[in-house]
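With mmCIF, C-alpha atoms inside, this is data_34.cif:
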```
data_final
loop_
_atom_site.label_atom_id
_atom_site.label_comp_id
_atom_site.auth_asym_id
_atom_site.auth_seq_id
_atom_site.Cartn_x
_atom_site.Cartn_y
_atom_site.Cartn_z
CA MET A 185 -0.40 -37.16 0.07
CA LYS A 186 0.38 -38.56 3.52
CA LYS A 187 -1.63 -37.62 6.61
CA GLY A 188 1.18 -35.40 7.94
CA GLU A 189 1.37 -33.45 4.71
CA ARG A 190 -2.39 -33.07 4.62
CA THR A 191 -2.38 -31.69 8.17
CA ARG A 192 0.44 -29.31 7.27
CA GLU A 193 -1.49 -27.98 4.28
CA ARG A 194 -4.64 -27.63 6.34
CA ILE A 195 -2.79 -25.59 8.99
CA ILE A 196 -1.42 -23.29 6.27
CA ARG A 197 -4.86 -22.85 4.72
CA GLN A 198 -6.52 -22.12 8.07
CA ALA A 199 -3.79 -19.80 9.32
CA ALA A 200 -3.63 -17.76 6.09
CA PRO A 201 -6.76 -15.62 6.75
CA LEU A 202 -5.49 -14.84 10.25
CA PHE A 203 -2.05 -13.70 9.07
CA ASN A 204 -3.54 -11.77 6.13
CA GLN A 205 -5.95 -9.89 8.38
CA ARG A 206 -3.97 -9.41 11.57
CA GLY A 207 -0.37 -9.39 10.37
CA TYR A 208 2.57 -11.34 11.71
CA GLU A 209 2.79 -9.76 15.16
CA GLY A 210 -0.98 -9.56 15.50
CA SER A 211 -1.41 -13.31 14.94
CA SER A 212 -0.72 -14.90 18.32
CA ILE A 213 -0.08 -18.57 18.81
CA ASN A 214 -3.38 -18.74 20.72
CA GLU A 215 -5.26 -17.41 17.71
CA ILE A 216 -3.43 -19.82 15.41
CA MET A 217 -4.46 -22.63 17.76
CA ALA A 218 -8.07 -21.44 17.66
CA ALA A 219 -8.04 -21.13 13.84
CA THR A 220 -6.63 -24.62 13.35
CA ALA A 221 -8.23 -26.38 16.37
CA LEU A 222 -4.79 -27.76 17.27
CA GLU A 223 -2.60 -27.57 20.36
CA LYS A 224 0.69 -25.73 20.21
CA GLY A 225 2.62 -29.02 19.91
CA GLY A 226 0.38 -30.14 17.06
CA ILE A 227 1.27 -26.99 15.12
CA TYR A 228 5.00 -26.97 15.84
CA ARG A 229 5.29 -30.61 14.82
CA HIS A 230 4.78 -29.32 11.25
CA PHE A 231 6.62 -25.97 11.37
CA ARG A 232 9.92 -25.05 12.95
CA SER A 233 8.67 -21.61 13.94
CA LYS A 234 5.82 -19.13 13.66
CA GLN A 235 7.91 -17.41 11.01
CA GLU A 236 7.99 -20.54 8.84
CA LEU A 237 4.20 -20.94 9.18
CA ALA A 238 3.66 -17.24 8.36
CA ALA A 239 5.88 -17.54 5.27
CA GLU A 240 3.96 -20.60 4.03
CA ALA A 241 0.65 -18.90 4.81
CA PHE A 242 1.75 -15.89 2.77
CA ASP A 243 2.73 -18.07 -0.20
CA TYR A 244 -0.65 -19.79 0.01
CA ALA A 245 -2.60 -16.50 0.20
CA TRP A 246 -0.55 -15.09 -2.66
CA ALA A 247 -1.14 -18.16 -4.84
CA GLU A 248 -4.88 -17.79 -4.23
CA ALA A 249 -4.74 -14.09 -5.16
CA VAL A 250 -2.75 -14.89 -8.32
CA LYS A 251 -5.29 -17.54 -9.35
CA THR A 252 -8.15 -15.06 -8.94
CA ARG A 253 -6.42 -12.29 -10.83
CA ARG A 254 -5.40 -14.50 -13.75
CA HIS A 255 -8.86 -16.03 -14.06
CA ASP A 256 -9.62 -16.94 -17.70
CA ILE A 257 -6.79 -14.71 -18.90
CA ASP A 258 -5.56 -17.46 -21.23
CA THR A 259 -8.81 -17.24 -23.16
CA VAL A 260 -7.96 -13.68 -24.24
CA ALA A 261 -5.77 -13.61 -27.34
CA ASN A 262 -4.70 -9.98 -27.76
CA SER A 263 -2.01 -8.77 -25.33
CA VAL A 264 -3.61 -5.40 -24.56
CA ASP A 265 -6.94 -7.11 -23.95
CA LYS A 266 -5.13 -9.58 -21.68
CA LEU A 267 -3.81 -6.68 -19.58
CA LYS A 268 -7.29 -5.16 -19.47
CA ARG A 269 -8.76 -8.48 -18.36
CA TYR A 270 -6.13 -8.70 -15.67
CA VAL A 271 -7.15 -5.29 -14.34
CA ALA A 272 -10.85 -6.22 -14.50
CA ASN A 273 -10.20 -9.43 -12.54
CA PHE A 274 -8.20 -7.49 -9.96
CA VAL A 275 -11.03 -5.01 -9.47
CA GLU A 276 -14.03 -7.34 -9.64
CA ARG A 277 -12.92 -10.65 -8.14
CA ARG A 278 -12.12 -11.32 -4.50
CA GLY A 279 -9.73 -14.15 -3.61
CA SER A 280 -10.51 -16.91 -1.13
CA VAL A 281 -8.34 -15.41 1.63
CA PRO A 282 -9.99 -12.41 3.35
CA GLY A 283 -8.06 -9.31 4.45
CA GLY A 284 -7.13 -7.58 1.21
CA CYS A 285 -4.10 -8.02 -1.02
CA PRO A 286 -1.58 -10.38 0.68
CA LEU A 287 1.34 -8.65 -1.02
CA LEU A 288 0.39 -5.15 0.15
CA ASN A 289 -0.27 -6.44 3.67
CA THR A 290 2.94 -8.45 3.91
CA ALA A 291 5.10 -5.82 2.22
CA MET A 292 4.04 -3.22 4.79
CA ASP A 293 4.22 -5.72 7.63
CA SER A 294 7.76 -6.85 6.85
CA ASP A 295 9.55 -3.90 5.24
CA ASP A 296 11.23 -2.83 8.45
CA GLY A 297 11.87 -6.16 10.07
CA ASN A 298 10.91 -9.77 9.37
CA ALA A 299 13.49 -10.83 6.77
CA VAL A 300 11.90 -14.18 5.89
CA LEU A 301 8.52 -12.61 5.13
CA ARG A 302 10.18 -9.74 3.32
CA THR A 303 11.97 -12.17 1.01
CA ARG A 304 8.68 -13.92 0.22
CA ALA A 305 6.95 -10.61 -0.47
CA ARG A 306 9.76 -9.49 -2.71
CA ARG A 307 9.65 -12.78 -4.61
CA ALA A 308 5.88 -12.37 -5.04
CA LEU A 309 6.38 -8.85 -6.43
CA GLU A 310 9.01 -10.10 -8.89
CA ASN A 311 6.71 -12.87 -9.95
CA TRP A 312 3.91 -10.35 -10.56
CA GLN A 313 6.22 -7.96 -12.45
CA ASN A 314 7.49 -10.84 -14.61
CA PHE A 315 3.98 -12.03 -15.40
CA LEU A 316 2.84 -8.62 -16.65
CA SER A 317 6.18 -7.90 -18.37
CA SER A 318 5.97 -11.14 -20.32
CA ILE A 319 2.52 -10.21 -21.62
CA VAL A 320 3.93 -6.85 -22.74
CA ALA A 321 7.00 -8.45 -24.35
CA ARG A 322 4.85 -10.87 -26.29
CA GLY A 323 2.52 -8.04 -27.29
CA ILE A 324 5.44 -6.06 -28.73
CA LYS A 325 6.67 -9.12 -30.60
CA LYS A 326 3.22 -9.73 -32.07
CA GLY A 327 2.85 -6.07 -33.06
CA GLU A 328 -0.07 -5.53 -30.68
CA ILE A 329 1.85 -3.23 -28.35
CA ARG A 330 3.97 -0.24 -29.36
CA ARG A 331 7.66 -0.92 -29.61
CA GLN A 332 8.66 1.97 -27.33
CA VAL A 333 6.62 0.74 -24.34
CA SER A 334 8.86 -0.31 -21.42
CA LYS A 335 7.62 -3.64 -20.08
CA THR A 336 9.12 -2.96 -16.64
CA LYS A 337 7.63 0.51 -16.34
CA LEU A 338 4.20 -0.58 -17.56
CA ALA A 339 4.14 -3.52 -15.13
CA ASN A 340 5.07 -1.23 -12.24
CA LEU A 341 2.54 1.40 -13.26
CA MET A 342 -0.24 -1.20 -13.27
CA ILE A 343 0.87 -2.70 -9.94
CA ALA A 344 1.29 0.68 -8.23
CA THR A 345 -2.03 2.09 -9.45
CA LEU A 346 -3.96 -1.02 -8.40
CA GLU A 347 -2.25 -1.51 -5.03
CA GLY A 348 -2.56 2.15 -4.09
CA ALA A 349 -6.26 1.99 -4.97
CA VAL A 350 -6.56 -1.07 -2.72
CA MET A 351 -5.25 1.03 0.16
CA ILE A 352 -7.85 3.74 -0.47
CA GLY A 353 -10.59 1.14 -0.89
CA ARG A 354 -9.69 -0.64 2.36
CA LEU A 355 -9.99 2.63 4.27
CA GLU A 356 -13.11 3.84 2.48
CA GLN A 357 -14.68 0.37 2.43
CA SER A 358 -15.64 1.07 -1.15
CA LEU A 359 -14.67 -0.08 -4.64
CA ASP A 360 -14.76 3.46 -6.07
CA ALA A 361 -11.00 4.04 -6.08
CA LEU A 362 -10.36 0.65 -7.72
CA ARG A 363 -12.99 1.31 -10.39
CA ASP A 364 -11.43 4.70 -11.14
CA ALA A 365 -8.01 3.05 -11.31
CA GLN A 366 -9.42 0.60 -13.84
CA ILE A 367 -10.82 3.40 -16.01
CA HIS A 368 -7.48 5.21 -15.85
CA LEU A 369 -5.44 2.13 -16.73
CA ASN A 370 -7.80 1.04 -19.53
CA ASN A 371 -7.60 4.48 -21.04
CA TYR A 372 -3.80 4.45 -20.77
CA LEU A 373 -3.61 1.00 -22.34
CA GLU A 374 -5.81 2.08 -25.25
CA THR A 375 -4.13 5.41 -25.94
CA LYS A 376 -0.46 4.86 -25.05
CA VAL A 377 0.14 1.13 -25.23
CA ARG A 378 -1.98 -0.45 -27.96
CA ALA A 379 -0.26 -0.37 -31.34
CA THR A 380 -1.93 1.78 -33.94
CA ASN A 381 -2.20 0.52 -37.49
CA MET B 125 3.87 24.42 27.70
CA LYS B 126 3.97 22.69 31.09
CA LYS B 127 6.48 19.97 31.95
CA GLY B 128 3.81 17.26 31.73
CA GLU B 129 2.80 18.38 28.25
CA ARG B 130 6.42 18.55 27.12
CA THR B 131 7.00 14.99 28.35
CA ARG B 132 3.85 13.82 26.59
CA GLU B 133 5.00 15.38 23.30
CA ARG B 134 8.45 13.87 23.70
CA ILE B 135 7.00 10.38 24.22
CA ILE B 136 4.88 10.77 21.07
CA ARG B 137 7.88 11.98 19.06
CA GLN B 138 10.11 9.16 20.28
CA ALA B 139 7.50 6.42 19.90
CA ALA B 140 6.48 7.48 16.37
CA PRO B 141 9.47 5.88 14.54
CA LEU B 142 8.88 2.62 16.43
CA PHE B 143 5.17 2.42 15.54
CA ASN B 144 5.82 3.51 11.94
CA GLN B 145 8.46 0.82 11.44
CA ARG B 146 7.15 -2.06 13.52
CA GLY B 147 3.40 -1.53 13.49
CA TYR B 148 1.00 -1.53 16.40
CA GLU B 149 1.35 -5.15 17.46
CA GLY B 150 5.08 -5.18 16.75
CA SER B 151 5.73 -2.27 19.11
CA SER B 152 5.90 -3.80 22.58
CA ILE B 153 5.73 -1.78 25.76
CA ASN B 154 9.36 -2.81 26.43
CA GLU B 155 10.43 -1.25 23.13
CA ILE B 156 8.40 1.87 23.85
CA MET B 157 10.15 2.07 27.23
CA ALA B 158 13.54 1.70 25.52
CA ALA B 159 12.72 4.33 22.89
CA THR B 160 11.55 6.86 25.47
CA ALA B 161 13.89 5.93 28.36
CA LEU B 162 10.88 5.85 30.69
CA GLU B 163 9.37 3.22 32.95
CA LYS B 164 5.95 1.80 32.16
CA GLY B 165 4.35 4.00 34.83
CA GLY B 166 6.02 7.07 33.38
CA ILE B 167 4.45 6.36 30.00
CA TYR B 168 0.98 5.46 31.21
CA ARG B 169 0.83 8.59 33.35
CA HIS B 170 0.47 10.44 30.02
CA PHE B 171 -1.62 7.99 27.98
CA ARG B 172 -4.61 5.91 28.96
CA SER B 173 -3.50 3.00 26.76
CA LYS B 174 -1.02 1.83 24.13
CA GLN B 175 -3.78 2.49 21.60
CA GLU B 176 -3.99 6.15 22.59
CA LEU B 177 -0.22 6.53 22.31
CA ALA B 178 -0.21 4.76 18.92
CA ALA B 179 -2.97 7.05 17.65
CA GLU B 180 -1.08 10.18 18.77
CA ALA B 181 2.16 8.78 17.30
CA PHE B 182 0.37 8.23 13.97
CA ASP B 183 -0.99 11.79 13.95
CA TYR B 184 2.52 13.08 14.66
CA ALA B 185 4.13 10.95 11.92
CA TRP B 186 1.41 11.97 9.49
CA ALA B 187 1.82 15.67 10.28
CA GLU B 188 5.56 15.33 9.62
CA ALA B 189 4.89 13.59 6.28
CA VAL B 190 2.36 16.26 5.30
CA LYS B 191 4.87 19.01 6.11
CA THR B 192 7.51 17.37 3.92
CA ARG B 193 5.18 16.78 1.01
CA ARG B 194 3.78 20.31 1.03
CA HIS B 195 7.23 21.89 1.29
CA ASP B 196 7.30 25.27 -0.51
CA ILE B 197 4.11 24.41 -2.37
CA ASP B 198 2.68 27.85 -1.53
CA THR B 199 5.43 29.47 -3.59
CA VAL B 200 4.03 27.84 -6.75
CA ALA B 201 1.25 29.89 -8.30
CA ASN B 202 -0.21 27.72 -11.06
CA SER B 203 -2.46 24.87 -9.86
CA VAL B 204 -1.05 22.23 -12.22
CA ASP B 205 2.48 23.21 -11.25
CA LYS B 206 1.42 22.98 -7.60
CA LEU B 207 0.30 19.37 -8.16
CA LYS B 208 3.57 18.61 -9.94
CA ARG B 209 5.55 20.12 -7.07
CA TYR B 210 3.55 18.00 -4.65
CA VAL B 211 4.49 14.85 -6.59
CA ALA B 212 8.15 15.94 -6.74
CA ASN B 213 8.23 16.53 -2.98
CA PHE B 214 6.65 13.14 -2.39
CA VAL B 215 9.27 11.40 -4.51
CA GLU B 216 12.36 13.35 -3.50
CA ARG B 217 11.90 14.32 0.14
CA ARG B 218 11.92 11.96 3.11
CA GLY B 219 10.08 12.93 6.29
CA SER B 220 11.60 12.96 9.75
CA VAL B 221 9.92 9.70 10.83
CA PRO B 222 11.59 6.62 9.32
CA GLY B 223 9.66 3.56 8.10
CA GLY B 224 7.91 4.74 4.95
CA CYS B 225 4.52 6.42 4.50
CA PRO B 226 2.67 6.47 7.86
CA LEU B 227 -0.70 6.33 6.10
CA LEU B 228 0.13 3.23 4.03
CA ASN B 229 1.62 1.51 7.09
CA THR B 230 -1.25 2.36 9.39
CA ALA B 231 -3.96 1.68 6.81
CA MET B 232 -2.63 -1.85 6.26
CA ASP B 233 -1.98 -2.35 9.96
CA SER B 234 -5.49 -1.36 11.07
CA ASP B 235 -7.84 -2.25 8.21
CA ASP B 236 -8.93 -5.53 9.78
CA GLY B 237 -8.91 -4.58 13.43
CA ASN B 238 -7.76 -1.62 15.46
CA ALA B 239 -10.72 0.79 15.15
CA VAL B 240 -9.04 3.80 16.78
CA LEU B 241 -6.04 3.66 14.42
CA ARG B 242 -8.30 2.97 11.47
CA THR B 243 -10.30 6.12 12.21
CA ARG B 244 -7.10 8.18 12.34
CA ALA B 245 -5.86 6.67 9.06
CA ARG B 246 -9.18 7.34 7.40
CA ARG B 247 -9.14 10.93 8.62
CA ALA B 248 -5.60 11.36 7.26
CA LEU B 249 -6.70 10.02 3.87
CA GLU B 250 -9.67 12.41 3.79
CA ASN B 251 -7.37 15.25 4.71
CA TRP B 252 -5.02 14.32 1.85
CA GLN B 253 -7.89 13.96 -0.63
CA ASN B 254 -9.29 17.34 0.42
CA PHE B 255 -5.92 19.05 0.07
CA LEU B 256 -5.39 17.84 -3.50
CA SER B 257 -9.07 18.34 -4.43
CA SER B 258 -8.97 21.94 -3.28
CA ILE B 259 -5.96 22.63 -5.52
CA VAL B 260 -7.89 21.12 -8.44
CA ALA B 261 -11.06 23.09 -7.63
CA ARG B 262 -9.13 26.34 -7.49
CA GLY B 263 -7.34 25.43 -10.73
CA ILE B 264 -10.67 24.92 -12.50
CA LYS B 265 -11.96 28.22 -11.15
CA LYS B 266 -8.84 30.04 -12.34
CA GLY B 267 -9.02 28.41 -15.78
CA GLU B 268 -5.75 26.55 -15.28
CA ILE B 269 -7.36 23.10 -15.13
CA ARG B 270 -9.91 21.70 -17.56
CA ARG B 271 -13.50 22.01 -16.45
CA GLN B 272 -14.27 18.30 -16.95
CA VAL B 273 -11.56 17.07 -14.56
CA SER B 274 -13.03 15.38 -11.47
CA LYS B 275 -11.23 16.68 -8.40
CA THR B 276 -12.04 13.53 -6.41
CA LYS B 277 -10.85 11.15 -9.12
CA LEU B 278 -7.66 13.11 -9.81
CA ALA B 279 -6.83 13.22 -6.08
CA ASN B 280 -7.37 9.46 -5.76
CA LEU B 281 -5.34 8.74 -8.90
CA MET B 282 -2.41 10.71 -7.54
CA ILE B 283 -2.65 9.12 -4.08
CA ALA B 284 -3.03 5.58 -5.44
CA THR B 285 -0.18 5.87 -7.95
CA LEU B 286 2.21 7.31 -5.37
CA GLU B 287 1.29 4.95 -2.52
CA GLY B 288 1.45 1.86 -4.72
CA ALA B 289 4.87 2.99 -5.91
CA VAL B 290 5.92 3.36 -2.27
CA MET B 291 5.04 -0.30 -1.75
CA ILE B 292 7.19 -1.37 -4.72
CA GLY B 293 10.02 0.91 -3.60
CA ARG B 294 9.99 -0.41 -0.04
CA LEU B 295 10.36 -3.97 -1.33
CA GLU B 296 12.92 -3.14 -4.02
CA GLN B 297 14.77 -0.66 -1.76
CA SER B 298 14.89 1.64 -4.74
CA LEU B 299 13.32 4.91 -5.90
CA ASP B 300 12.78 3.65 -9.47
CA ALA B 301 9.06 2.92 -9.13
CA LEU B 302 8.44 6.31 -7.51
CA ARG B 303 10.37 8.12 -10.23
CA ASP B 304 8.37 6.29 -12.91
CA ALA B 305 5.16 7.18 -11.07
CA GLN B 306 6.25 10.82 -11.13
CA ILE B 307 6.89 10.73 -14.89
CA HIS B 308 3.51 9.11 -15.46
CA LEU B 309 1.63 11.62 -13.29
CA ASN B 310 3.45 14.62 -14.74
CA ASN B 311 2.62 13.47 -18.23
CA TYR B 312 -1.00 12.93 -17.23
CA LEU B 313 -1.20 16.36 -15.61
CA GLU B 314 0.25 18.04 -18.71
CA THR B 315 -1.85 16.20 -21.31
CA LYS B 316 -5.19 15.56 -19.56
CA VAL B 317 -5.45 18.08 -16.76
CA ARG B 318 -3.81 21.36 -17.75
CA ALA B 319 -6.20 23.67 -19.58
CA THR B 320 -5.28 24.36 -23.18
CA ASN B 321 -5.67 27.84 -24.56
#
```

How does this structure look as structure tokens?
Amino acid sequence: MKKGERTRERIIRQAAPLFNQRGYEGSSINEIMAATALEKGGIYRHFRSKQELAAEAFDYAWAEAVKTRRHDIDTVANSVDKLKRYVANFVERRGSVPGGCPLLNTAMDSDDGNAVLRTRARRALENWQNFLSSIVARGIKKGEIRRQVSKTKLANLMIATLEGAVMIGRLEQSLDALRDAQIHLNNYLETKVRATN
Amino acid sequence: MKKGERTRERIIRQAAPLFNQRGYEGSSINEIMAATALEKGGIYRHFRSKQELAAEAFDYAWAEAVKTRRHDIDTVANSVDKLKRYVANFVERRGSVPGGCPLLNTAMDSDDGNAVLRTRARRALENWQNFLSSIVARGIKKGEIRRQVSKTKLANLMIATLEGAVMIGRLEQSLDALRDAQIHLNNYLETKVRATN
């Protein structure tokens, strides 16, 4: 990787916590300069606009969140257990970028305006839905998950329950709502999703 | 109501859609001036700061959302049916302030910074939790809801599932996730919450 590319990646990595905590409008160029220890010209040499930097910072923060949530999931064979591990990772593990879930933050930040960020957030949601759906599809194929389970609906139920609990947890500064969401989802997965012999 | 008070209320009402759609940082004083057709001095005669106006605008948007979600709920006698009506209102009815759920927006907007807004959002959440919890408590007392149901956990489950579905719906520009959340919650309320004879 060339020096320019390395600098670009460093700017993204250092700007990501700022954007994830303060939002697009709340992250001023002065704060981006402070976070990266670069002058304005040094930043805009690598990005055409603040919007481009914010979009790259979101993708970076999302990739970090994805990595954390999928931790060791490949080591779990059964599809229902995979989903349960996913939920456990979501509840117990914090990603490297502070400020809560990048998708929830960016979705709410961009839903009424910023089209570039909105597109990235929507792509991240699709990616998340596809990941969970593919586990469900494979589980049905392998006879581990009931045939009548809708992969789309189950993915959305898991995403909604977890993200809504994140909102409560951010306000209460507590993990209680997330832990209750985990109990609810685990129970649902065991009683309505797992195939019975 | 005096003229000054009427003007103050009008500013709050006209600024609320702006704050709910664009967030605190995204709502500039110029846009607030445009939305209210007042000069800067005319606005700051009624509010000490942008933060005070944003806090009042949030309370207004939240009160409007609460009104919409509790629509006709008093006409429903049974506690489980009351909870189901609440969910139906949430899914089917839109409040008068555009931009999605004011609590979700303001929670995500303020969780890493703005202490005044964060306090208002937290108070709104507590208010919501207490409203649902009190329906559950009364339902247990009347024998309509199973004794072992936790009012706190059920309130949080409903709030999390609905708010997470709002996030998906805002990105997908569709009501599908909310409708699926409603089906899930209704089924849960019928099979795990409603008292059996």

Residues of chain B within 9 Å of chain A, all atoms listed in the file counted, as a ChimeraX atom specification: /B:145-151,223-224,228-237,242-243,245-246,249,277,280-292,294-296,301,304-305,308

Can you write out the residues you just picked, keeping C-alpha atoms, as a JSON list (two decimals), keeping the file's coordinate frame?
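In the end it all went to selection_22.json:
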```
[["chain", "number", "residue", "atom", "x", "y", "z"],
["B", 145, "GLN", "CA", 8.46, 0.82, 11.44],
["B", 146, "ARG", "CA", 7.15, -2.06, 13.52],
["B", 147, "GLY", "CA", 3.40, -1.53, 13.49],
["B", 148, "TYR", "CA", 1.00, -1.53, 16.40],
["B", 149, "GLU", "CA", 1.35, -5.15, 17.46],
["B", 150, "GLY", "CA", 5.08, -5.18, 16.75],
["B", 151, "SER", "CA", 5.73, -2.27, 19.11],
["B", 223, "GLY", "CA", 9.66, 3.56, 8.10],
["B", 224, "GLY", "CA", 7.91, 4.74, 4.95],
["B", 228, "LEU", "CA", 0.13, 3.23, 4.03],
["B", 229, "ASN", "CA", 1.62, 1.51, 7.09],
["B", 230, "THR", "CA", -1.25, 2.36, 9.39],
["B", 231, "ALA", "CA", -3.96, 1.68, 6.81],
["B", 232, "MET", "CA", -2.63, -1.85, 6.26],
["B", 233, "ASP", "CA", -1.98, -2.35, 9.96],
["B", 234, "SER", "CA", -5.49, -1.36, 11.07],
["B", 235, "ASP", "CA", -7.84, -2.25, 8.21],
["B", 236, "ASP", "CA", -8.93, -5.53, 9.78],
["B", 237, "GLY", "CA", -8.91, -4.58, 13.43],
["B", 242, "ARG", "CA", -8.30, 2.97, 11.47],
["B", 243, "THR", "CA", -10.30, 6.12, 12.21],
["B", 245, "ALA", "CA", -5.86, 6.67, 9.06],
["B", 246, "ARG", "CA", -9.18, 7.34, 7.40],
["B", 249, "LEU", "CA", -6.70, 10.02, 3.87],
["B", 277, "LYS", "CA", -10.85, 11.15, -9.12],
["B", 280, "ASN", "CA", -7.37, 9.46, -5.76],
["B", 281, "LEU", "CA", -5.34, 8.74, -8.90],
["B", 282, "MET", "CA", -2.41, 10.71, -7.54],
["B", 283, "ILE", "CA", -2.65, 9.12, -4.08],
["B", 284, "ALA", "CA", -3.03, 5.58, -5.44],
["B", 285, "THR", "CA", -0.18, 5.87, -7.95],
["B", 286, "LEU", "CA", 2.21, 7.31, -5.37],
["B", 287, "GLU", "CA", 1.29, 4.95, -2.52],
["B", 288, "GLY", "CA", 1.45, 1.86, -4.72],
["B", 289, "ALA", "CA", 4.87, 2.99, -5.91],
["B", 290, "VAL", "CA", 5.92, 3.36, -2.27],
["B", 291, "MET", "CA", 5.04, -0.30, -1.75],
["B", 292, "ILE", "CA", 7.19, -1.37, -4.72],
["B", 294, "ARG", "CA", 9.99, -0.41, -0.04],
["B", 295, "LEU", "CA", 10.36, -3.97, -1.33],
["B", 296, "GLU", "CA", 12.92, -3.14, -4.02],
["B", 301, "ALA", "CA", 9.06, 2.92, -9.13],
["B", 304, "ASP", "CA", 8.37, 6.29, -12.91],
["B", 305, "ALA", "CA", 5.16, 7.18, -11.07],
["B", 308, "HIS", "CA", 3.51, 9.11, -15.46]]
```

Output of the PyMOL selection byres ((chain B and resi 260) around 8), listed as JSON, numbers by chain: {"B": [203, 204, 256, 257, 258, 259, 261, 262, 263, 264, 269, 275]}

Who sits within 9 Å of A:Arg363, all atoms listed in the file, same chain under 6 positions skipped, as a VMD selection string: chain A and resid 272 275 to 276 349

Residue members of the PyMOL selection byres ((chain A and resi 195) around 9) in the file shown, as a list in words: Arg190, Thr191, Arg192, Glu193, Arg194, Ile196, Arg197, Gln198, Ala199, Ala200, Ile216, Ala219, Thr220, Leu222, Ile227, His230, Leu237 and Ala241 of chain A

Counting only C-alpha atoms, the option among B:Ala161, B:Ala189, B:Leu207, B:Ile197 closest to B:Leu313: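 So, comparing all the options, the nearest one is B:Leu207.
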
Spatial sel., origin (4.9, 9.1, 11.5), limit 6 Å, all atoms listed in the file, listed as number ranges by chain: B: 140, 144, 182, 184-186, 221, 226

I'd like the box whose edges run along x, y and z of the file and which contains every listed atom of stretch 299-314 of chain B, padded by 6 Å per side; could you state its centre and edge lengths in Å, one decimal, as AutoDock Vina command-line options?
```
--center_x 6.1 --center_y 10.5 --center_z -12.3 --size_x 26.5 --size_y 27.1 --size_z 24.8
```

Residue IDs satisfying the PyMOL selection byres ((chain B and resi 209) around 9), as a list in words: Arg193, Arg194, His195, Asp196, Ile197, Val200, Val204, Asp205, Lys206, Leu207, Lys208, Tyr210, Val211, Ala212, Asn213 and Phe214 of chain B

For the selection just defined, write its residues with C-alpha atoms to a file, as a PDB file, keeping the file's coordinate frame.
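What landed in part-v4.pdb:
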```pdb
ATOM      1  CA  ARG B 193       5.180  16.780   1.010  1.00  0.00           C
ATOM      2  CA  ARG B 194       3.780  20.310   1.030  1.00  0.00           C
ATOM      3  CA  HIS B 195       7.230  21.890   1.290  1.00  0.00           C
ATOM      4  CA  ASP B 196       7.300  25.270  -0.510  1.00  0.00           C
ATOM      5  CA  ILE B 197       4.110  24.410  -2.370  1.00  0.00           C
ATOM      6  CA  VAL B 200       4.030  27.840  -6.750  1.00  0.00           C
ATOM      7  CA  VAL B 204      -1.050  22.230 -12.220  1.00  0.00           C
ATOM      8  CA  ASP B 205       2.480  23.210 -11.250  1.00  0.00           C
ATOM      9  CA  LYS B 206       1.420  22.980  -7.600  1.00  0.00           C
ATOM     10  CA  LEU B 207       0.300  19.370  -8.160  1.00  0.00           C
ATOM     11  CA  LYS B 208       3.570  18.610  -9.940  1.00  0.00           C
ATOM     12  CA  TYR B 210       3.550  18.000  -4.650  1.00  0.00           C
ATOM     13  CA  VAL B 211       4.490  14.850  -6.590  1.00  0.00           C
ATOM     14  CA  ALA B 212       8.150  15.940  -6.740  1.00  0.00           C
ATOM     15  CA  ASN B 213       8.230  16.530  -2.980  1.00  0.00           C
ATOM     16  CA  PHE B 214       6.650  13.140  -2.390  1.00  0.00           C
TER      17      PHE B 214
END
```

Point-to-point distance in Å for atom CA of B:Arg169 and atom CA of B:Gly128: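 About the pair atom CA of B:Gly128 and atom CA of B:Arg169: they are 9.3 Å apart.
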
Å distance separating atom CA of A:Asn370 from atom CA of A:Glu328, one decimal place: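 Between atom CA of A:Asn370 and atom CA of A:Glu328 the gap is 15.1 Å.
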
One-decimal distance in Å that lies between atom CA of B:Leu241 and atom CA of B:Ala178: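 Separating atom CA of B:Ala178 from atom CA of B:Leu241 is a distance of 7.4 Å.
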